[in-house]
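Asker: Please read through the structure below; I'll follow up with questions.
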Amino acid sequence: MATVSEILQERLQDALRAIGIGNGGLLQATPTADPRHGDYQTNAAMVLGKKLKQKPRSLAGRIVAHLSLSDIGIAEVAGPGFINFRLSPDFLGHRLHELALDERLGVERTENPKTVVIDFSSPNIAKPMHVGHIRSTVLGDALANITRFLGHHVITDNHIGDWGTQFGKIIFGWKHLLIAENLDSDPVSELVRIYREADTAAKKDSAILEECRQELVKLQRGDNENRRIWQRCVDLSIEGFAKIYDLLGVRFDYQLSESFYNPELPRVVQELQERGFAEVSDGAVVVWDRALSEDPFIIRKSDGGYPYAATDIATLQYRLDRWRAEAIWYVVGAPQQLHFQQLFSLARRLGYQGDLQHIAFGSILGEDHKLMRTRSGESVPLQALLDEAVLRATAIVAEKNPELSEQERRSVSRIVGIGAVKYSELSQHRMTDYIFSWDKMLSLQGNTAPYLQNAYVRCRSIFRKLPIPFSATISIILREQAELRLAKKILQFPDIVSAVLDGFKPNILATYLYDMAAEFHGFYESCPVLSAEPAVREARLILCDIFSRLLRTGLHLLGIQVPEKM
RNA sequence: GCGUCCGUAGCUCAACUGGAUAGAGCGUCGGCCUCCGGAGCCGAAGGUUGUGGGUUCGAGCCCCGCCGGACGCACCA
């Protein structure tokens with residue numbers, strides 16, 4: 001099923017051919033910002049007028065005269081040469097009926113499915129996940145859901161940081177500072193503690209620093225004991241991550257960690273040297289790209305170790321070779337932009353095909369407008385943050401709806417609390433540094449998850465009052481302004497979903513859902529459903545049915561659940 | 001110093017990739033509950049889009065210069 005925009009664009013192309021303008025390039029028909037300008041508009045006449053040196057208004061007039069739109073609505077020329085479209089109630093009713101019968105709500109699968117690897121979350125072993133990981137995790141998951149929904153073959157891969165110089169200190173700490181009981185009760189905290197203490201000790205005592213280095217070297221050479229300790233650290237940490245991913249409802253197809261690529265690193269560096277892309281500089285092996293930066297891309301350190309640049313190249317090769325990836329998207333914070341520019345630039349020079357994207361995002365700030373920290377100045381652990389979200393939601397739900405059973409309240413609180421955190425990320429443009437506020441994200445008013453979830457619940461409660469289960473029947477006749485407005489908004493859904501990937505901006509889906517919920521409330525206010533006469537009631541029930549399914553689907557694409565009551 | 005990102009209502013944020021009179025929420029002020037969940041709806045006030053130029057039918061968006069902020073710049077990831 002073509003989207004409304006696509007239908008209008010096709011009709012435009014037909015009209016252009018009719019007046020002898022064959023290939024006008026890509027035409028756009030978009031929803032208008034102001035209802036006085038109709039429902040959709042195109043600036044095709046102005047764009048083409050410039051190209052063909054014709055007056056935009058008269059060209060627009062000729063286009064309109066040749067537009068065949070009787071089944072859709074009407075078109076008119078306006079302003080400097082816009083063509084405005086108004087959709088007829090018949091057309092809206094017809095489309096709505098189609099959506100009612102379509103599980104995918106009008107969203108077609110792409111005709112060109114691609115294999116897309118999405119790399120996100122990527123926490124580090126022996127460190128707790130903190131607020132810095134939430135954006136990557138939530139954004140990556142939402143993009144994966146949407147990309148998959150559009151029919152692409154998506155592979156999600158959690159590239160866990162399980163290798164690196166910190167392990168010298170962790171192993172030293174494990175051997176000298178570990179407290180077994182702590183490891184049982186809260187393993188990740190204990191790993192953090194021994195790392196910190198070893199780090200402090202190493203700074204004060206160069207003998208300890210040297211010992212840490214030796215532990216690292218032993219690990220890298222495959223020493224049995226160190227290898228075993230490392231594996232324990234990895235296992236314990238991954239268990240901790242899994243609890244958080246469960247709570248968030250995020251899953252990965254793969255969790256191939258950095259160490260997975262270790263065996264490939266010498267070959268990677270050697271090949272780059274042999275092919276002339278890498279050279280030795282100050283004892284390190286580096287790749288220069290002066291056009292990008294005066295700083296080199298270091299693929300082997302002067303001590304022989306391999307930094308993550310080397311791992312990233314090996315990872316890239318693996319994804320291209322093994323998975324036949326046509327696109328690889330990295331959902332990683334903005335500070336690493338240079339790294340990815342260097343990586344992608346090298347990949348292109350090596351002749352690697354594929355759509356490589358660094359999907360960058362801004363930071364989360366506290367209410368003081370500075371990077372979000374705990375009172376003691378550390379980054380906020382994600383587990384604690386999510387627990388607090390659920391706790392706060394529990395209090396709100398208990399107050400607003402005391403009639404829920406204990407079990408319902410627990411389930412709803414989790415959906416609301418986790419949804420609020422996710423939505424506050426996703427409703428914002430990904431590049432903005434945004435201010436974390438419990439009160440705002442859990443507010444029942446405004447562009448928040450609880451507001452949307454409540455709109456869903458309100459709508460669903462209508463269906464609970466029906467004597468028999470609802471099923472959409474025949475035709476739909478819409479007359480009221482509020483009905484028509486809601487219908488028009490609903491029909492934009494397929495265009496919006498695909499637009500999200502154009503710039504990787506889930507926030508436009510979020511904003512759309514919010515706008516639609518606002519239209520629903522207007523409709524709900526002025527158009528009684530259950531008490532309406534049968535034909536009207538049927539049409540309104542269909543509107544409600546599509547609205548609730550669409551809201552649920554849209555939120556699911558964002559990784560957010562909806563409760564039936566709250 | 002070089003590079004990247006950002007600057008929009010008192011506050012928090014949008015603006016469908018260059019479209020028409022820049023939109024929401026919070027806060028402020030004023031209306032609406034014999035009616036499906038008022039967790040809602042309707043209305044008012046609030047702006048020289050940091051600033052100065054440029055490009056064109058048309059700029060919050062593109063280009064150049066300033067001002068202010070965040071981040072990154074050789075062996076951490």
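Every chain in the structure tokens takes a letter, A first, then B, and so on in the order presented; its residues are numbered from 1, and the ligands are numbered from 1 following the presented order.
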Taking the DSSP assignment computed from this structure's backbone, write out as a ChimeraX atom specification all residues of region 74-198 of chain A that belong to helix (DSSP H, G or I).

Answerer: /A:89-100,131-149,166-176,180-185,187-198

Asker: Among region 272-480 of chain A, which residues carry a DSSP assignment of strand (DSSP E), reported as a list in words?

Answerer: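 DSSP-assigned strand (DSSP E) residues in region 272-480 of chain A: Ala278, Glu279, Val280, Ser281, Ala284, Val285, Val286, Val287, Phe297, Ile298, Ile299, Arg300, Ala327, Ile328, Trp329, Tyr330, Val331, Asp355, Leu356, Gln357, His358, Ile359, Ile364, Leu365, Tyr434 and Ile435 of chain A.
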
Asker: Write out as a ChimeraX atom specification every residue belonging to chain B that has an atom at most 8 Å from any atom of chain A, counting only C-alpha atoms (C1' of nucleotides).

Answerer: /B:3-6,12-14,16,19-20,24-25,35-37,39-41,57,71-77

Asker: Those residues you just picked out, can you put them in a file as a short mmCIF file (atom, residue, chain, number, x, y, z; two decimals), in the first residue's frame with C-alpha atoms (C1' of nucleotides)?

Answerer:
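And here is the file that came out, out_21.cif:
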data_model
loop_
_atom_site.label_atom_id
_atom_site.label_comp_id
_atom_site.auth_asym_id
_atom_site.auth_seq_id
_atom_site.Cartn_x
_atom_site.Cartn_y
_atom_site.Cartn_z
"C1'" G B 3 38.51 20.28 14.55
"C1'" U B 4 33.38 18.71 15.65
"C1'" C B 5 28.65 19.79 17.79
"C1'" C B 6 25.37 23.34 19.84
"C1'" U B 12 12.57 22.17 28.96
"C1'" C B 13 12.36 21.04 23.88
"C1'" A B 14 10.21 20.74 18.34
"C1'" C B 16 9.18 16.28 8.17
"C1'" G B 19 8.73 26.56 2.19
"C1'" A B 20 3.76 30.18 3.48
"C1'" A B 24 4.43 22.10 21.87
"C1'" G B 25 4.76 21.15 27.23
"C1'" C B 35 -21.28 12.41 29.17
"C1'" C B 36 -16.82 6.41 27.01
"C1'" G B 37 -10.73 7.23 32.60
"C1'" A B 39 -4.05 11.79 33.79
"C1'" G B 40 -8.45 15.64 29.50
"C1'" C B 41 -10.26 19.83 26.30
"C1'" C B 57 11.08 33.83 -5.33
"C1'" C B 71 33.42 18.01 23.60
"C1'" G B 72 37.83 15.99 21.01
"C1'" C B 73 42.96 16.58 19.57
"C1'" A B 74 49.78 10.10 19.85
"C1'" C B 75 49.92 5.07 21.90
"C1'" C B 76 42.58 4.58 27.47
"C1'" A B 77 38.12 2.57 25.28
#

Asker: Using Å and a single decimal, report how far C1' of G46 (chain B) sits from C1' of A9 (chain B).

Answerer: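 So the answer is 5.7 Å.
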
Asker: So which residues touch G65 (chain B) within 12 Å, counting only C-alpha atoms (C1' of nucleotides), skipping near sequence neighbours fewer than 6 positions away, as a PyMOL selection string?

Answerer: chain B and resi 51-54

Asker: For Leu248 (chain A), please output as an mmCIF file with C-alpha atoms, in the first residue's frame all residues within 12 Å (counting only C-alpha atoms (C1' of nucleotides); exclusion window: fewer than 2 positions along the same chain).

Answerer:
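Generated file (out.cif):
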data_model
loop_
_atom_site.group_PDB
_atom_site.id
_atom_site.type_symbol
_atom_site.label_atom_id
_atom_site.label_comp_id
_atom_site.auth_asym_id
_atom_site.auth_seq_id
_atom_site.Cartn_x
_atom_site.Cartn_y
_atom_site.Cartn_z
ATOM 1 C CA SER A 121 25.276 -0.201 23.986
ATOM 2 C CA ILE A 134 21.477 4.522 28.176
ATOM 3 C CA THR A 137 21.220 1.319 24.227
ATOM 4 C CA VAL A 138 17.820 2.924 23.841
ATOM 5 C CA ASP A 141 17.318 -0.673 20.085
ATOM 6 C CA ALA A 142 14.717 1.719 18.650
ATOM 7 C CA PHE A 241 24.494 -6.318 32.026
ATOM 8 C CA ALA A 242 21.936 -9.023 31.321
ATOM 9 C CA LYS A 243 19.850 -7.919 34.299
ATOM 10 C CA ILE A 244 19.713 -4.400 32.905
ATOM 11 C CA TYR A 245 18.914 -5.538 29.376
ATOM 12 C CA ASP A 246 16.104 -7.680 30.782
ATOM 13 C CA VAL A 250 16.620 -5.082 24.958
ATOM 14 C CA ARG A 251 18.088 -8.102 23.192
ATOM 15 C CA LEU A 382 22.207 2.633 35.245
ATOM 16 C CA GLN A 383 20.752 -0.098 37.436
ATOM 17 C CA LEU A 385 18.614 4.866 37.835
ATOM 18 C CA LEU A 386 16.203 2.343 36.364
ATOM 19 C CA ASP A 387 15.249 1.073 39.821
ATOM 20 C CA ALA A 389 12.338 5.122 37.698
ATOM 21 C CA VAL A 390 10.235 2.085 38.555
ATOM 22 C CA ARG A 414 7.689 -1.129 35.342
ATOM 23 C CA ILE A 415 6.115 -0.351 31.977
ATOM 24 C CA VAL A 416 5.550 3.277 32.949
ATOM 25 C CA GLY A 417 8.878 3.863 34.680
ATOM 26 C CA ILE A 418 11.085 2.243 32.046
ATOM 27 C CA GLY A 419 8.959 3.735 29.281
ATOM 28 C CA ALA A 420 9.409 7.202 30.761
ATOM 29 C CA VAL A 421 13.194 6.911 30.784
ATOM 30 C CA LYS A 422 13.342 5.549 27.255
ATOM 31 C CA TYR A 423 10.898 8.060 25.870
ATOM 32 C CA LEU A 558 10.596 2.813 20.173
ATOM 33 C CA GLY A 559 11.044 -0.117 22.548
ATOM 34 C CA ILE A 560 8.270 1.050 24.873
ATOM 35 C CA GLN A 561 5.431 -1.109 26.194
#

Asker: Rounded to one decimal, what separation in Å do you get between CA of Val131 (chain A) and CA of Met372 (chain A)?

Answerer: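 So the two atoms, CA of Val131 (chain A) and CA of Met372 (chain A), lie 7.8 Å apart.
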